[in-house]
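K.L.:
Below is the structure I would like to discuss, written out as structure tokens.
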2 protein chains.
Amino acid sequence: MDERERERESCKPDRERKTSQRTLNGAPAPVRPARCTRMCFRGQMFSVLALLLPALTGSVSGVALFEATERNCSLSPPHLPSTAVNSTLRLRRLRERMLASKISAYILPGTDAHLSEYIAPRDARVAFMTGFTGSAGTAVVTPSKAALWTDSRYWVQAERQMDCNWELQRDASVSSVAEWLISEVPRGGRIGFDPFLFSLKTQEDYGMSLESSNRSLESMPGNLVDQVWNERPPVRPDGLIRLPDRVIQRSWQMKVEQIRNQMKANPYEPTALLLSALDETAWLFNMRGNDIPYNPFFYSYTLLTVDEIWLFVHTERVTEELRAYLNASCGGPLCVRLRSYDAVSDGLKAYVSGRPGAKVWIGAKYTNYALYEVIKSQDKLMATSYSPVLTAKAVKDDTERRILRDAHVRDAAAVMQLLVRLETAAPDGKETELSASAYVDRCRSKQKDNKGPSFETISASGPNAALAHYSPTRESNRMLTVDEMYLVDSGGQYLDGTTDITRTVHWGTPTAMQKEAFTRVLMGNIEISRTIFPSGTRGVNMEMLGRRALWEVGLNYGHGTGHGLGNYFGVHEWPVGFQGNNIPFREGMFTSIEPGYYKENDFGIRIEDVAVVVPAHTKYGHNYLTFETVSLVPYDRKLIDTSLLSPVQLQWLNKYYETIRRLTGPELDRQGLHAEKRWMLKNTEPFGQSGSSSSSPSSSLTLFPLVVAVFNFAL
Amino acid sequence: MDERERERESCKPDRERKTSQRTLNGAPAPVRPARCTRMCFRGQMFSVLALLLPALTGSVSGVALFEATERNCSLSPPHLPSTAVNSTLRLRRLRERMLASKISAYILPGTDAHLSEYIAPRDARVAFMTGFTGSAGTAVVTPSKAALWTDSRYWVQAERQMDCNWELQRDASVSSVAEWLISEVPRGGRIGFDPFLFSLKTQEDYGMSLESSNRSLESMPGNLVDQVWNERPPVRPDGLIRLPDRVIQRSWQMKVEQIRNQMKANPYEPTALLLSALDETAWLFNMRGNDIPYNPFFYSYTLLTVDEIWLFVHTERVTEELRAYLNASCGGPLCVRLRSYDAVSDGLKAYVSGRPGAKVWIGAKYTNYALYEVIKSQDKLMATSYSPVLTAKAVKDDTERRILRDAHVRDAAAVMQLLVRLETAAPDGKETELSASAYVDRCRSKQKDNKGPSFETISASGPNAALAHYSPTRESNRMLTVDEMYLVDSGGQYLDGTTDITRTVHWGTPTAMQKEAFTRVLMGNIEISRTIFPSGTRGVNMEMLGRRALWEVGLNYGHGTGHGLGNYFGVHEWPVGFQGNNIPFREGMFTSIEPGYYKENDFGIRIEDVAVVVPAHTKYGHNYLTFETVSLVPYDRKLIDTSLLSPVQLQWLNKYYETIRRLTGPELDRQGLHAEKRWMLKNTEPFGQSGSSSSSPSSSLTLFPLVVAVFNFAL
């Protein structure tokens, strides 16, 4: 085995792994709640393009086609694929409960009591009822019908996983659900929902849509699905940790003070703050958990008052060490009083009714309707869209910025290991989507402080990549070849940071259209990254820069353009990003930038980097910002048509490549990744101004690493 | 008098006019509700730059300085300028009414019962109470205090018009008003408002802000200000017209059918549609009025049911001819039943309570809270943001598109007349802001089908133009000179269309900074105008293109980037435009595009054109759109630094100039405006690719008009 061989083998598992599905704890996930949830669609804004159907013909090396794997309910008897789940019995049992509760319909959203985007297996009620395991879905059951609403990312998946008890509804808006309810539920009928699974906003949306329709929307405590779900997974008994001091600038006590100061400064004089989203409590106490695959959270609520702190948690999980860390045995304003997780409603009720002048501040977007009802009934509410914890958390402190950049340097090494391996092995027919996915996960796992992947790796070749959300399965797994483009979207959880990066490559000869599309996606990435904007500009007002070069030739993509991320949190760390409900950009926020293009049945392109918001120095103004890219992996040169790039775009690209050399070069050396170092240097050679991608260095700064590259290679 | 002199004199009034303030009907406006209302600020999104203070020093030729003209309430006795209104007596009388009504505060918004942006003199209650005549303002009165909230456009004006009974509050958000109310009104206090002056949304915003503050928000029919306003102007007795057939493609009966079809297709099965905004009724019936200066509307509501039409209007204004036109004597589904304007609440109440299954569709943004309460109390409401009339009206039909383009050709002739005159006369010290304003109004009035200006002309030199909203008065009037930049923002009402255009010029030598800023504003205008986007993209997602070239060097502007307009309606024809609450762009919509830059105490730049949304032909896609500029006046060449423009921007500019030549050339000939024709040809010479603005034609297409230009000049 020569050096190159050794390097390629460096991320091989110690023993062959039998599953490609790793959770945060290494165990196979019983369901796959995080699957296919990588992109954030905004169906109402852009027409969805080319995301719908997998390859039906012309597969070069696909192991399986989808065609036969989808249900066909118009046949008699219906065709059901082996992946379909028999829902007859569970539907019958749910309907018995509905009858007893005198409701004509039951709405079941695909979230948990914390309105989480990714959920734990025990909260996968929609998956249990329908068989459908995609992350975005709402199920509704009536005495005679059952329907699932999901967006275009998941239509194929739903047709494969559901039996014919279930209708698939393709407009996933609340108003579509409401219109269906009006047509199916008779006037005077009662429509039930679990208030722990509705946000205040969801309840309002349904309420408004059903208003004056003569159907009533009923909040029904005690989830009906849970009553018929015998095998519902339990809460894990362990898994709570505190973060080590080396990744912390502010102790939890300092954060508590900071948030209390915000409460005191507020003219509405809130006396308490209720934290419902799981990352709010995790952030406040510098703690993490393991309840949700890929997401280091633990079931919890916090009621932070001006002089007390109540943590609602499964108290048996809190070790003695953590109790000491939290000052759980005292009663002062910086002592954490532990209460049972299930006592949150009672605890909140006791607070609002027992304390004169109580006023509880909530973030409306992440507070469930059950807790809202407790406060609202006492008229002691103060609501903003997001809690002050979420807005404070969005701006990283100096330590968080530094270590999150550090994590990206190590992460780049892992991704380069994958790209180097594939460049050699894929043309030889030695790699598949699944093996590539396993390889990059393994490379990451060997990096310092790694805590597993931050989501299920998307490893997609040819037409599979046209499904923006695709992750390979044994059935769909494709061999990687020089004839197809390959897209890999992956990320890691590290103690110091969460990463998320997408690269699209071609090992053969791309078509002119592939090259043009790739270059225009790259132009979108560059245009956002280099733009200068006043502090406080919202992402949604800039994200069209990611699309504009595509729009010029009539191309587009059907998903969002980026999401916040941070230090060992969920890979989608809202409310930072480019969505309509995201908060304005400020210095010190981190976001992904990820335009793409997907050609149905053919190929998919996405270029995703993480960037930090930094000050921009302008000729006349102050308080202007721009992005600095912290992901550090070069793009496939073969796919870049430099004749389409403007001089300023080329300049940006060359400067970015200099940064990659400066930051990853020493790290690759340190890790002894010599082949990766050579690959990195070769792939970050500066572009000339012309259409040629041959090196014509524009400054001595870029010339120097070139020399180094040659020197290294000679070794 | 040679030919040039004659041309310059062509727009002179028949007899010298004594006032510069023309209303739609030529009468002086008793108050100036439309003053300073040209721009649409979005204070929450962009920091407001350079809009605050007029010139305090260094005035070259200003007639008056503002310094001494603002109140100073910290002096004893306070300094009050002659423009301040004594509000002591009217405040005392209002407080007597408040006492009788047992309220601790009264909120007075600056709108009318139709939530109009521009209001009639009889609705100028804020102006009556405070003295402040700006269009955007909310007044609140308590037993001991009185405060006015307005945005930065109006702070100077408010300081000049209010006496020391009134505080000026500079954060004009609802939450700022609410916080003030919480600090001034004791717990348990009642806060009153006139439900006819609150939209449903306004009530919700206040309700949410005052929620659980232990102050109650009380809807109080019978406006308290009207009770103490003895001299309140009456409704005009005349002024209703129907549009001539030559400007109409769809009769009102066809429009009624079209809207009824939308009602029938709606799954919520509305049985009636309530039209509250004044342009909704005007559009539906192809009628216009004269109740609001510059805005051809008439007081009215329409209740359009599936089989009846109720028009609530001052019936004595409806002539026999109009009654025949409206089929007012019959009772069928296409007969208009006339009811008294003041009977709208009762009529609505009778409908919702008398008709089983009634459901009334309203547009939440333009329906007042009083009418909402009528429907809501019966639980018979269906609300969308905008009524189907407003969304249908936004897309112009073929005739509307054609005649609106036509109106812009004639309008361009009038604006060119002004620019030619100023170019000759201003350097000789023969023109002022007021004389220029009067001149362009007069030029427009001579154009075919003109119905007066569409708003009060903004004619602003030097530092006055730094106030984006400025219109000249006798006190502020500046002489025009070669030492200052000059900005003119004006528009006309024509039977076939409404226009709105801004040009900024310099007759001397601009500074490098002025040239750079102007060029970057122009780049913003071009970038929006030339962009290609999928049908259904929202303006707010593209408007940063208007700012981006400015942002690059740390410059910005503090107002919106454009608003819809159409065929003889208000100059701000919402909901089309670039604001956050505007609807997505579709083919056939018209919008202004108007980036700017304002340097405090120095100069102001704005470049405003009207553009129509047209199909774009792209390489790969379908259903893509772009803008086509329909305003047809060249920009000041002296202010364009072509070295900053990209090749594609220069190409756009040259193509636009070809269009100006093609469309206005024949019209200028027809009107015998020879000097204007020569000026137009000279100013639309194609730009070369280099930084020079000398002509270097890039194609025979552009060469040809050049030859024509020389030929004409030789004549």
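Numbering starts fresh at 1 for the residues of each chain in the structure tokens, the chains themselves are lettered A, B, ... in the order given, and ligands are numbered from 1 as they appear.
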Find the residues of chain A in contact range of chain B, meaning any atom within 6 Å when counting only C-alpha atoms, and list them as an MDAnalysis selection string.
P.N.:
chainID A and resid 212 379:380 532:533 541 551:555 618:621
K.L.:
Do you know which residues are at most 7 Å from stretch 228-233 of chain A counting only C-alpha atoms, after dropping those on the same chain fewer than 2 positions away, and could you put them as a ChimeraX atom specification?
P.N.:
/A:90,93-94,121-122,224-226,235
K.L.:
For the selection you just gave me, I'd like the residues written to a file as a short mmCIF file (atom, residue, chain, number, x, y, z; two decimals), in the first residue's frame, keeping N, CA and C atoms.
P.N.:
```cif
data_model
loop_
_atom_site.label_atom_id
_atom_site.label_comp_id
_atom_site.auth_asym_id
_atom_site.auth_seq_id
_atom_site.Cartn_x
_atom_site.Cartn_y
_atom_site.Cartn_z
N ARG A 90 -54.08 0.71 13.42
CA ARG A 90 -53.85 1.91 14.24
C ARG A 90 -54.86 3.01 13.92
N ARG A 93 -58.06 2.14 15.74
CA ARG A 93 -57.97 2.44 17.17
C ARG A 93 -58.03 3.94 17.43
N LEU A 94 -57.37 4.71 16.57
CA LEU A 94 -57.44 6.17 16.74
C LEU A 94 -58.88 6.66 16.58
N PRO A 121 -37.55 10.01 18.12
CA PRO A 121 -38.41 8.88 17.70
C PRO A 121 -39.74 8.84 18.45
N ARG A 122 -39.72 9.17 19.75
CA ARG A 122 -40.97 9.07 20.51
C ARG A 122 -41.97 10.16 20.11
N LEU A 224 -54.15 11.78 21.41
CA LEU A 224 -54.90 10.55 21.08
C LEU A 224 -54.02 9.49 20.46
N VAL A 225 -53.01 9.91 19.71
CA VAL A 225 -52.12 8.92 19.10
C VAL A 225 -51.32 8.20 20.19
N ASP A 226 -50.84 8.96 21.15
CA ASP A 226 -50.08 8.32 22.22
C ASP A 226 -50.91 7.23 22.92
N VAL A 235 -38.28 8.02 26.95
CA VAL A 235 -37.23 9.03 27.04
C VAL A 235 -35.95 8.33 27.48
#
```
K.L.:
Can you list, as an NGL selection string, all residues belonging to stretch 403-506 of chain A that DSSP tags as alpha helix (DSSP H)?
P.N.:
:A and (403-425 or 433-445)
K.L.:
Can you list, as a PyMOL selection string, every residue of stretch 365-533 of chain A that DSSP puts in strand (DSSP E or B)?
P.N.:
chain A and resi 368+381-384+432+450-453+458-461+478-479+485-490+492-494+497-498+501-506+533
K.L.:
So which one's closest to B:Glu527, B:Asn464, B:Gln649, B:Gln417, B:Thr591? Using only C-alpha atoms, please.
P.N.:
B:Gln649
K.L.:
I want to know what sits within 8 Å of B:Ala113, based on only C-alpha atoms, with residues of the same chain fewer than 4 positions away left out; could you give that as number ranges by chain?
P.N.:
B: 196-198, 368
K.L.:
Could the residues in this selection be saved with C-alpha atoms as an mmCIF file, in the first residue's frame?
P.N.:
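Saved result, result06.cif, follows:
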```cif
data_model
loop_
_atom_site.group_PDB
_atom_site.id
_atom_site.type_symbol
_atom_site.label_atom_id
_atom_site.label_comp_id
_atom_site.auth_asym_id
_atom_site.auth_seq_id
_atom_site.Cartn_x
_atom_site.Cartn_y
_atom_site.Cartn_z
ATOM 1 C CA PHE B 196 -63.807 54.277 11.411
ATOM 2 C CA LEU B 197 -60.189 55.478 11.463
ATOM 3 C CA PHE B 198 -58.593 52.193 12.519
ATOM 4 C CA ASN B 368 -62.144 49.976 8.937
#
```
K.L.:
Would you list the contacts of A:Leu91 as a PyMOL selection string, taking every protein, DNA or RNA residue within 9 Å and counting only C-alpha atoms, but skipping same-chain residues closer than 3 positions in sequence?
P.N.:
chain A and resi 87-88+94-96+129-130+141+146+165
K.L.:
Could you take the residues named above and write them with N, CA and C atoms, as a PDB file, in the first residue's frame?
P.N.:
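Wrote it out as selection.pdb, contents follow:
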```pdb
ATOM      1  N   SER A  87     -51.542   0.631   7.983  1.00  0.00           N
ATOM      2  CA  SER A  87     -52.048   1.555   8.994  1.00  0.00           C
ATOM      3  C   SER A  87     -53.469   1.239   9.428  1.00  0.00           C
ATOM      4  N   THR A  88     -54.021   0.137   8.938  1.00  0.00           N
ATOM      5  CA  THR A  88     -55.441  -0.135   9.172  1.00  0.00           C
ATOM      6  C   THR A  88     -55.789  -0.223  10.662  1.00  0.00           C
ATOM      7  N   LEU A  94     -57.375   4.707  16.566  1.00  0.00           N
ATOM      8  CA  LEU A  94     -57.439   6.167  16.740  1.00  0.00           C
ATOM      9  C   LEU A  94     -58.882   6.660  16.580  1.00  0.00           C
ATOM     10  N   ARG A  95     -59.564   6.094  15.590  1.00  0.00           N
ATOM     11  CA  ARG A  95     -60.946   6.524  15.355  1.00  0.00           C
ATOM     12  C   ARG A  95     -61.859   6.175  16.525  1.00  0.00           C
ATOM     13  N   GLU A  96     -61.559   5.093  17.194  1.00  0.00           N
ATOM     14  CA  GLU A  96     -62.337   4.764  18.410  1.00  0.00           C
ATOM     15  C   GLU A  96     -62.169   5.872  19.458  1.00  0.00           C
ATOM     16  N   MET A 129     -48.434   6.840  12.561  1.00  0.00           N
ATOM     17  CA  MET A 129     -49.789   6.707  12.029  1.00  0.00           C
ATOM     18  C   MET A 129     -49.806   6.424  10.539  1.00  0.00           C
ATOM     19  N   THR A 130     -48.925   7.081   9.790  1.00  0.00           N
ATOM     20  CA  THR A 130     -49.025   7.052   8.325  1.00  0.00           C
ATOM     21  C   THR A 130     -47.993   6.138   7.676  1.00  0.00           C
ATOM     22  N   VAL A 141     -57.158  12.973  10.365  1.00  0.00           N
ATOM     23  CA  VAL A 141     -57.993  11.772  10.312  1.00  0.00           C
ATOM     24  C   VAL A 141     -59.438  12.160  10.609  1.00  0.00           C
ATOM     25  N   ALA A 146     -58.453   9.668   5.750  1.00  0.00           N
ATOM     26  CA  ALA A 146     -57.182  10.023   6.379  1.00  0.00           C
ATOM     27  C   ALA A 146     -56.316  10.651   5.306  1.00  0.00           C
ATOM     28  N   ASN A 165     -54.902   3.606   2.833  1.00  0.00           N
ATOM     29  CA  ASN A 165     -55.791   4.290   3.774  1.00  0.00           C
ATOM     30  C   ASN A 165     -55.604   5.809   3.703  1.00  0.00           C
TER      31      ASN A 165
END
```
K.L.:
Just want the 9 Å neighbourhood of A:Cys335, counted on only C-alpha atoms, with same-chain residues fewer than 6 positions away dropped. Output as number ranges by chain.
P.N.:
A: 308-310, 326-329
K.L.:
Do a neighbour search on B:Leu80 at 10 Å with only C-alpha atoms, toss out local chain neighbours closer than 5 positions, and write the hits as a list in words.
P.N.:
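Using only C-alpha atoms, the neighbours found are Ala68, Thr69, Glu70, Arg71, Asn72, Cys73, Leu75, Val85, Asn86, Glu159, Arg160, Gln161, Met162, Asp163 and Cys164 of chain B.
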K.L.:
Would you pick out the contacts of B:Gln249 at 10 Å or less, using only C-alpha atoms, so that residues sharing its chain but fewer than 4 positions from it are not included, and give the list as a list in words?
P.N.:
Asp245, Met254, Asp397, Asp398, Thr399 and Glu400 of chain B
K.L.:
Take atom CA of A:Val318 and atom CA of A:Pro296 and report the distance between them in Å, one decimal.
P.N.:
15.6 Å
